[in-house]
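Working notes, beginning with the structure itself.
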Amino acid sequence: PHYTRRRPRHGRTMRLLLIAVAPLFLAASDGLSLPVNRQLIRRDAHATRSLLRVDINNERESYAFPLAATASGAENEGAPIHSAAELSVEQRKKQLSEQIRLEGGRFSFNTKYGALNPFAIYYCLLSILLGVVWYAALTACDLLYIITGGRFDQKRLLPNYCNQMWGTLLMRLSRSYPKIVNKDILRTFYKEKRAAMFVSNHASWMDIPFMGTTIGWRNYKIVAKKELEKVPILGKGIKCGKNVSVDRSDRRSQLMTLKAGMQWLKDGVHLCTFPEGTRSKSGRVMKFKNGAFKMAHKVGAPIIPLSIVASGKVMPSHWLFPFKPSHSIAKVIVHDPIETKGKTEDEVATAAREAIISGLPEDQRPGK
């Protein structure tokens with residue numbers, strides 16, 4: 001029988017050996033000051049990149065001739081040369097890893113979505129487990145509204161109770177329930193049967209359940225960015241409860257948000273939002289946007305400022321979930337309502353901002 005003769009693989013083997021020893025050869029040539037044809041080596045490396053599954057051609061000179069001698073006359077022993085940008089990226093990653101370990105303990109680790117540790121994983125699994133029941137309850141609400149043609153529960157109180165139940169259980173079972181200061185102010189205000197606009201500083205994802213926990217079992221709607229509707233389960237809760245969503249890139253959406261928010265306040269439903277518009281990564285209060293104050297001012301609804309303290313210490317922006325319980329760490333301070341009648345929007349916004357800042361520690365106040 002005739003057998004097909006296999007082509008010798010000596011050439012391929014030599015290329016692989018060349019790629020393996022090239023760095024050593026270049027390093028040795030640095031010390032001996034021997035000339036090296038780098039272009040030839042790169043061309044040969046390019047021919048074998050499919051075997052190595054690494055695009056060697058994209059690699060810049062990892063090894064180079066030594067830097068100029070130091071003041072003492074010593075030379076750099078063939079150390080890799082990196083650009084300032086590369087060094088800064090590496091340093092930032094290292095610093096972030098050290099910070100994560102310092103915050104969350106020895107079993108902490110980073111992912112492309114955010115950092116995790118055992119408590120964060122527990123919080124994640126607990127929120128998903130409760131979220132399954134939450135999703136089922138919201139689906140039942142949707143079916144009820146379809147059957148009744150939307151005539152039942154027009155203010156969407158049922159979805160709000162489902163949201164509140166999920167948040168309350170999650171806070172209790174994870175020992176993340178914050179301390180609420182001046183709760184009596186809300187009890188007194190609720191007796192007046194008026195709707196209010198709740199505003200607070202925003203430094204963490206935990207601010208959302210903290211605010212809901214503070215408002216309590218009342219019918220309220222969150223003014224949230226449109227992107228949150230894409231978050232599993234949470235997005236369904238926002239849409240089913242007819243919370244107010246705003247697309248910050250669309251001027252028309254902003255006008256519709258303004259009208260929807262004003263209508264909820266007229267109907268006696270509370271609104272809550274974060275006037276900074278986004279989370280503060282530093283934890284310090286940023287500049288306020290006037291949208292929330294415009295809604296309340298046009299309707300004549302009062303503003304109730306809330307100071308959320310230390311939420312960023314249990315879940316900073318680089319963590320995917322909180323890395324430790326909020327109990328005994330975070331707290332929410334309720335301030336006296338600010339009436340909007342007889343005041344300008346700027347006066348109302350300034351008064352609310354000053355009230356919020358007054359309840360925050362120094363490391364959360366605006367930088368000077």
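Chain labels run A, B, ... following the order of the structure tokens; each chain numbers its residues from 1, and ligands are numbered from 1 in the order shown.
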
Could you name the residues that touch Phe119 in chain A at 9 Å or less, counting only C-alpha atoms, but leaving out those on the same chain fewer than 3 positions away, as a compact mmCIF listing (two decimals) with N, CA, C and O atoms, in the first residue's frame?
# COMPACT_ATOMS: atom_id res chain seq x y z
N GLY A 104 -12.92 44.47 51.29
CA GLY A 104 -13.75 43.27 51.38
C GLY A 104 -13.10 42.05 51.98
O GLY A 104 -13.76 41.01 52.11
N LEU A 116 -16.33 41.47 44.02
CA LEU A 116 -17.19 40.57 44.79
C LEU A 116 -16.39 40.00 45.97
O LEU A 116 -15.17 39.91 45.92
N TYR A 122 -23.49 36.41 48.60
CA TYR A 122 -24.71 36.09 49.36
C TYR A 122 -25.82 37.11 49.05
O TYR A 122 -26.98 36.73 48.82
N TYR A 123 -25.46 38.38 49.02
CA TYR A 123 -26.44 39.42 48.72
C TYR A 123 -27.01 39.24 47.31
O TYR A 123 -28.21 39.39 47.08
N CYS A 124 -26.14 38.87 46.38
CA CYS A 124 -26.58 38.63 44.99
C CYS A 124 -27.57 37.47 44.91
O CYS A 124 -28.64 37.60 44.31
N SER A 174 -30.33 40.62 54.82
CA SER A 174 -28.90 40.87 54.62
C SER A 174 -28.33 41.81 55.68
O SER A 174 -27.18 42.21 55.57
N PHE A 321 -21.90 44.39 44.17
CA PHE A 321 -22.89 44.33 45.25
C PHE A 321 -22.23 44.82 46.53
O PHE A 321 -20.99 44.92 46.59
N PRO A 322 -23.00 45.15 47.56
CA PRO A 322 -22.36 45.59 48.82
C PRO A 322 -21.45 44.51 49.38
O PRO A 322 -21.77 43.32 49.31
N PHE A 323 -20.33 44.93 49.95
CA PHE A 323 -19.36 43.96 50.45
C PHE A 323 -19.50 43.71 51.95
O PHE A 323 -18.81 42.85 52.50
N LYS A 324 -20.40 44.43 52.62
CA LYS A 324 -20.65 44.18 54.03
C LYS A 324 -22.02 44.73 54.41
O LYS A 324 -22.58 45.57 53.68
N PRO A 325 -22.61 44.28 55.50
CA PRO A 325 -23.94 44.76 55.91
C PRO A 325 -23.91 46.26 56.21
O PRO A 325 -22.91 46.79 56.70

Quick one: pick out all alpha helix (DSSP H) residues within range 197-346 of chain A from a backbone DSSP run and write them as a count of residues only. 47

Need the shell around Lys289 in chain A: protein/DNA/RNA residues with any atom at most 8 Å away, counting only C-alpha atoms. Skip same-chain ones fewer than 5 positions apart. Format as a ChimeraX atom specification? /A:275-277

Store the residues of this selection in a file with all heavy atoms, as a PDB file, in the first residue's frame.
ATOM      1  N   PRO A 275     -31.248  64.422  42.570  1.00  0.00           N
ATOM      2  CA  PRO A 275     -31.035  65.588  41.698  1.00  0.00           C
ATOM      3  C   PRO A 275     -29.638  65.707  41.106  1.00  0.00           C
ATOM      4  O   PRO A 275     -29.433  66.494  40.185  1.00  0.00           O
ATOM      5  CB  PRO A 275     -31.346  66.775  42.624  1.00  0.00           C
ATOM      6  CG  PRO A 275     -31.231  66.258  44.005  1.00  0.00           C
ATOM      7  CD  PRO A 275     -31.601  64.819  43.946  1.00  0.00           C
ATOM      8  N   GLU A 276     -28.678  64.924  41.607  1.00  0.00           N
ATOM      9  CA  GLU A 276     -27.351  64.945  40.994  1.00  0.00           C
ATOM     10  C   GLU A 276     -27.367  64.291  39.615  1.00  0.00           C
ATOM     11  O   GLU A 276     -26.486  64.538  38.790  1.00  0.00           O
ATOM     12  CB  GLU A 276     -26.345  64.226  41.890  1.00  0.00           C
ATOM     13  CG  GLU A 276     -26.050  64.968  43.183  1.00  0.00           C
ATOM     14  CD  GLU A 276     -25.327  64.102  44.186  1.00  0.00           C
ATOM     15  OE1 GLU A 276     -25.988  63.275  44.854  1.00  0.00           O
ATOM     16  OE2 GLU A 276     -24.094  64.257  44.319  1.00  0.00           O
ATOM     17  N   GLY A 277     -28.349  63.423  39.368  1.00  0.00           N
ATOM     18  CA  GLY A 277     -28.490  62.801  38.060  1.00  0.00           C
ATOM     19  C   GLY A 277     -27.712  61.514  37.891  1.00  0.00           C
ATOM     20  O   GLY A 277     -28.032  60.703  37.024  1.00  0.00           O
TER      21      GLY A 277
END

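Going from CA of Ala355 in chain A to CA of Gly283 in chain A covers 16.9 Å.
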
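Near Lys112 in chain A, within 12 Å and counting only C-alpha atoms, sit Lys93, His318, Trp319 and Leu320 of chain A; same-chain residues fewer than 6 positions away were not included.
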
Test item, strand (DSSP E) assignment across range 129-348 of chain A, answer as a PyMOL selection string: chain A and resi 179-181+197-200+220-225+244-246+270-273+303-309+331-334

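Of the residues under consideration (A:Cys240, A:Leu170, A:Ala195, A:Leu138), A:Ala195 shows the shortest atom-to-atom contact distance to Gly268 in chain A when counting only C-alpha atoms.
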
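When only C-alpha atoms are used to measure the gap to Met171 in chain A, the shortest distance among A:Gly212, A:Phe274, A:Asn219, A:Ile238 belongs to A:Gly212.
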
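You will find CA of Ile304 in chain A at 23.0 Å from CA of Leu255 in chain A.
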
List as number ranges by chain the protein and nucleic acid residues near Arg187 in chain A, meaning an atom at most 12 Å away when only C-alpha atoms are counted, but skip any in the same chain fewer than 3 places from it. A: 182-184, 190-194, 214-218, 334, 336
